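entry.txt, holding compact mmCIF, C-alpha atoms:
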```txt
# COMPACT_ATOMS: atom_id res chain seq x y z
CA MET A 1 -161.28 -33.68 8.06
CA ASN A 2 -161.73 -37.47 7.88
CA SER A 3 -161.78 -39.74 10.93
CA ASN A 4 -158.09 -40.70 10.63
CA GLN A 5 -157.02 -37.05 10.40
CA LEU A 6 -159.20 -36.22 13.43
CA LYS A 7 -157.73 -39.13 15.38
CA ASN A 8 -154.15 -38.10 14.45
CA SER A 9 -154.93 -34.48 15.36
CA ARG A 10 -156.19 -35.53 18.82
CA PHE A 11 -153.15 -37.77 19.33
CA SER A 12 -150.83 -34.91 18.38
CA THR A 13 -152.59 -32.59 20.85
CA GLN A 14 -152.39 -35.21 23.62
CA THR A 15 -148.71 -35.80 22.93
CA THR A 16 -148.01 -32.06 23.03
CA SER A 17 -149.90 -31.73 26.36
CA ILE A 18 -147.93 -34.57 27.91
CA LYS A 19 -144.64 -33.19 26.57
CA LYS A 20 -145.36 -29.75 28.09
CA LEU A 21 -146.17 -31.24 31.50
CA VAL A 22 -143.05 -33.44 31.50
CA GLU A 23 -140.77 -30.59 30.41
CA ALA A 24 -142.22 -28.35 33.12
CA ASP A 25 -141.78 -31.15 35.69
CA ALA A 26 -145.46 -30.64 36.51
CA LEU A 27 -146.50 -34.30 36.74
CA LYS A 28 -146.21 -34.76 40.48
CA MET A 29 -147.29 -38.36 40.76
CA GLU A 30 -147.60 -40.20 44.06
CA ILE A 31 -145.25 -43.15 44.42
CA ILE A 32 -146.82 -46.38 45.61
CA PRO A 33 -144.40 -48.83 47.29
CA TYR A 34 -145.02 -52.57 46.82
CA PRO A 35 -142.80 -54.85 48.90
CA LYS A 36 -142.34 -58.20 47.14
CA GLU A 37 -139.96 -61.09 46.65
CA VAL A 38 -138.23 -61.77 43.33
CA ASP A 39 -136.21 -64.96 42.96
CA GLY A 40 -135.87 -65.20 46.74
CA VAL A 41 -134.70 -61.59 47.18
CA LYS A 42 -136.88 -59.08 49.01
CA VAL A 43 -137.30 -55.93 46.92
CA LEU A 44 -139.37 -52.78 47.01
CA GLN A 45 -141.15 -52.10 43.74
CA LEU A 46 -142.07 -48.46 43.22
CA GLU A 47 -145.03 -47.63 40.98
CA THR A 48 -147.18 -44.70 40.05
CA ALA A 49 -150.86 -44.93 39.19
CA ALA A 50 -150.82 -43.70 35.58
CA GLY A 51 -154.59 -43.18 35.59
CA ALA A 52 -154.20 -40.63 38.40
CA ALA A 53 -152.40 -38.31 35.95
CA ILE A 54 -155.78 -37.37 34.47
CA ARG A 55 -156.03 -34.60 37.07
CA PHE A 56 -153.20 -32.71 35.32
CA PHE A 57 -155.10 -32.32 32.02
CA GLU A 58 -157.77 -29.72 31.36
CA ASN A 59 -161.05 -31.00 29.91
CA ALA A 60 -159.95 -34.61 30.40
CA ILE A 61 -162.61 -37.29 30.30
CA GLY A 62 -162.65 -40.91 31.35
CA VAL A 63 -163.91 -43.77 29.26
CA ASN A 64 -165.51 -46.81 30.84
CA VAL A 65 -164.25 -49.85 28.96
CA PRO A 66 -166.46 -52.91 29.48
CA ARG A 67 -164.93 -56.23 30.53
CA SER A 68 -165.97 -57.63 27.15
CA ARG A 69 -163.16 -55.55 25.58
CA PHE A 70 -160.28 -56.94 27.62
CA LEU A 71 -159.19 -59.49 30.17
CA PRO A 72 -156.44 -58.52 32.59
CA VAL A 73 -153.33 -60.71 32.49
CA LYS A 74 -151.30 -60.33 35.66
CA ALA A 75 -150.00 -63.88 35.99
CA THR A 76 -149.29 -66.82 33.70
CA SER A 77 -152.48 -68.49 34.97
CA ASP A 78 -154.38 -65.55 33.40
CA LEU A 79 -152.29 -65.95 30.24
CA LEU A 80 -153.36 -69.59 30.02
CA LEU A 81 -157.02 -68.47 30.11
CA VAL A 82 -156.71 -65.89 27.34
CA GLN A 83 -154.52 -68.06 25.10
CA SER A 84 -156.85 -71.04 25.41
CA ASP A 85 -159.99 -71.91 23.48
CA LEU A 86 -162.05 -70.39 26.29
CA TYR A 87 -161.91 -66.94 24.62
CA THR A 88 -161.60 -65.53 21.13
CA LEU A 89 -161.20 -62.01 19.82
CA VAL A 90 -164.00 -61.06 17.43
CA ASP A 91 -164.18 -57.55 15.96
CA GLY A 92 -162.16 -56.14 18.88
CA PHE A 93 -164.28 -57.86 21.54
CA VAL A 94 -163.13 -60.67 23.79
CA THR A 95 -165.81 -63.33 23.41
CA ARG A 96 -166.30 -66.38 25.60
CA ASN A 97 -166.61 -69.71 23.85
CA LYS A 98 -170.33 -70.54 23.69
CA ALA A 99 -169.53 -74.20 24.30
CA ARG A 100 -168.65 -73.33 27.93
CA THR A 101 -171.73 -73.78 30.11
CA ASN A 102 -170.14 -72.77 33.44
CA PRO A 103 -170.46 -68.96 33.79
CA THR A 104 -167.20 -68.63 35.77
CA ASN A 105 -163.64 -69.07 34.59
CA PRO A 106 -161.75 -72.19 35.65
CA ALA A 107 -159.61 -71.76 38.76
CA ILE A 108 -156.01 -72.17 37.58
CA GLU A 109 -153.03 -72.52 39.91
CA LEU A 110 -149.63 -72.97 38.32
CA GLY A 111 -146.46 -73.73 40.27
CA PRO A 112 -143.34 -71.54 40.30
CA GLU A 113 -141.95 -73.41 37.28
CA PHE A 114 -144.61 -71.58 35.22
CA LYS A 115 -144.15 -68.11 36.77
CA LYS A 116 -141.98 -66.53 34.07
CA VAL A 117 -143.61 -66.15 30.66
CA ALA A 118 -140.74 -67.80 28.77
CA SER A 119 -140.85 -70.83 31.10
CA PHE A 120 -144.64 -70.95 30.85
CA LEU A 121 -144.61 -70.88 27.03
CA GLY A 122 -141.84 -73.46 26.82
CA ARG A 123 -143.84 -75.98 28.85
CA PHE A 124 -146.69 -76.17 26.32
CA LYS A 125 -146.40 -77.57 22.78
CA SER A 126 -149.83 -75.97 22.43
CA ILE A 127 -152.23 -74.48 24.97
CA PRO A 128 -154.68 -77.16 26.18
CA SER A 129 -158.41 -77.01 25.53
CA ILE A 130 -160.04 -75.86 28.77
CA VAL A 131 -163.64 -75.14 27.73
CA GLU A 132 -164.90 -77.88 30.08
CA LEU A 133 -162.33 -77.32 32.84
CA ASP A 134 -163.44 -76.38 36.38
CA SER A 135 -160.04 -76.23 38.05
CA LEU A 136 -156.40 -76.96 37.30
CA LYS A 137 -153.50 -77.23 39.71
CA VAL A 138 -150.03 -77.90 38.32
CA SER A 139 -146.85 -78.21 40.37
CA GLY A 140 -143.37 -79.44 39.64
CA ASP A 141 -141.56 -80.09 36.37
CA VAL A 142 -144.64 -80.65 34.18
CA TRP A 143 -144.75 -80.35 30.36
CA PHE A 144 -147.84 -80.46 28.11
CA GLY A 145 -148.00 -82.03 24.66
CA SER A 146 -150.09 -80.67 21.80
CA GLY A 147 -153.83 -81.25 21.52
CA VAL A 148 -154.30 -81.85 25.27
CA VAL A 149 -157.88 -81.51 26.58
CA LEU A 150 -158.54 -80.79 30.26
CA LYS A 151 -162.03 -81.30 31.78
CA GLY A 152 -163.50 -81.05 35.27
CA LYS A 153 -161.05 -80.89 38.16
CA VAL A 154 -157.48 -81.72 37.17
CA SER A 155 -154.35 -81.79 39.30
CA VAL A 156 -150.90 -82.61 37.89
CA LYS A 157 -147.94 -82.96 40.21
CA ALA A 158 -144.38 -83.99 39.41
CA SER A 159 -142.34 -85.06 42.41
CA SER A 160 -139.11 -83.22 43.11
CA GLY A 161 -136.40 -84.25 40.67
CA THR A 162 -138.80 -85.87 38.18
CA LYS A 163 -140.09 -84.58 34.87
CA HIS A 164 -143.69 -85.33 33.95
CA GLU A 165 -144.88 -85.04 30.35
CA ILE A 166 -148.56 -84.99 29.41
CA PRO A 167 -148.63 -86.77 26.03
CA ASP A 168 -150.00 -85.29 22.81
CA ASN A 169 -153.79 -85.56 22.43
CA ALA A 170 -154.34 -86.66 26.05
CA VAL A 171 -157.87 -86.10 27.37
CA ILE A 172 -157.81 -85.71 31.15
CA LYS A 173 -161.05 -85.48 33.11
CA ASP A 174 -161.43 -85.25 36.90
CA LYS A 175 -158.01 -86.72 37.69
CA ASP A 176 -155.12 -86.31 40.08
CA ILE A 177 -151.96 -87.15 38.13
CA ASN A 178 -148.81 -87.86 40.10
CA GLY A 179 -146.98 -89.90 37.46
CA PRO A 180 -147.36 -91.54 34.02
CA GLU A 181 -149.24 -94.44 35.60
CA ASP A 182 -152.13 -92.06 36.45
CA LEU A 183 -152.87 -91.16 32.83
```
Reformat the file's structure so that it appears as structure tokens.
Amino acid sequence: MNSNQLKNSRFSTQTTSIKKLVEADALKMEIIPYPKEVDGVKVLQLETAAGAAIRFFENAIGVNVPRSRFLPVKATSDLLLVQSDLYTLVDGFVTRNKARTNPTNPAIELGPEFKKVASFLGRFKSIPSIVELDSLKVSGDVWFGSGVVLKGKVSVKASSGTKHEIPDNAVIKDKDINGPEDL
């Protein structure tokens, strides 16, 4: 049996085990309530901890996956990190850009205009270079051109009712930008 056949055989066995448990209604998972607000409406999100299902499988084992294999993306600020030039994927490993000398990730705070992925993606012609960025705070109706480079501590704020566009190829270092005159 070659490695692909072995892998497919294991997958088939796992699928059969899950199917049996679901059909027998034997997966009694605890429900975890998360109160939150979505678009100004208070809701109660109900989740189950999928990893807790391991207790239902005989001879189950856990695998410790090192941080070098993944970066969690729970918000668009995390998405900005992983889509930037700060990280690359090499042979299945997430690798930090060696040009970054600061051992920590930049602190990134994006306003509500960037919360939804589609809105986030639409506001960037291309993801800025952030290898030399320490912190970024963006609020208001802000749009980024292509080839933008952010360094040091950068804050960009568009006043209510105004649109602020960071031009293509702008290099912004240690600046508070409140309007085009600040570029």
> Hey, what's within 8 Å of Glu132 in chain A if we count only C-alpha atoms and toss same-chain stuff fewer than 6 positions away? As a list in words, please?
Replying inline: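 Listed by chain and then number, they are Arg100, Thr101, Leu150, Lys151 and Gly152 of chain A.
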Go ahead and write the residues just picked, C-alpha atoms, as an mmCIF file, in the frame of the given file.
```cif
data_model
loop_
_atom_site.group_PDB
_atom_site.id
_atom_site.type_symbol
_atom_site.label_atom_id
_atom_site.label_comp_id
_atom_site.auth_asym_id
_atom_site.auth_seq_id
_atom_site.Cartn_x
_atom_site.Cartn_y
_atom_site.Cartn_z
ATOM 1 C CA ARG A 100 -168.650 -73.330 27.930
ATOM 2 C CA THR A 101 -171.730 -73.780 30.110
ATOM 3 C CA LEU A 150 -158.540 -80.790 30.260
ATOM 4 C CA LYS A 151 -162.030 -81.300 31.780
ATOM 5 C CA GLY A 152 -163.500 -81.050 35.270
#
```
>> Restricting the calculation to only C-alpha atoms: of A:Gly51, A:Lys157, A:Ser139, A:Ser129, which residue gets closest to Ile172 in chain A?
In response: A:Ser129
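When all atoms listed in the file are used to compute distances to Leu79 in chain A, the closest of the residues A:Lys116, A:Lys20, A:Lys36, A:Lys175 turns out to be A:Lys116.
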>> Excluding range 26-32 of chain A and its own-chain neighbours fewer than 4 positions away, which residues fall within 6 Å of it when counting only C-alpha atoms? Please give them as a PyMOL selection string.
In response: chain A and resi 21+46-48
>> Would you pick out the contacts of Ala107 in chain A at 7 Å or less, using all atoms listed in the file, so that residues sharing its chain but fewer than 5 positions from it are not included, and give the list as a ChimeraX atom specification?
In response: /A:134-136
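Counting from CA of Lys74 in chain A, the distance to CA of Lys115 in chain A is 10.6 Å.
Picture a line from CA of Ser155 in chain A to CA of Leu89 in chain A; it runs 28.6 Å.
Going from CA of Val65 in chain A to CA of Tyr87 in chain A covers 17.8 Å.
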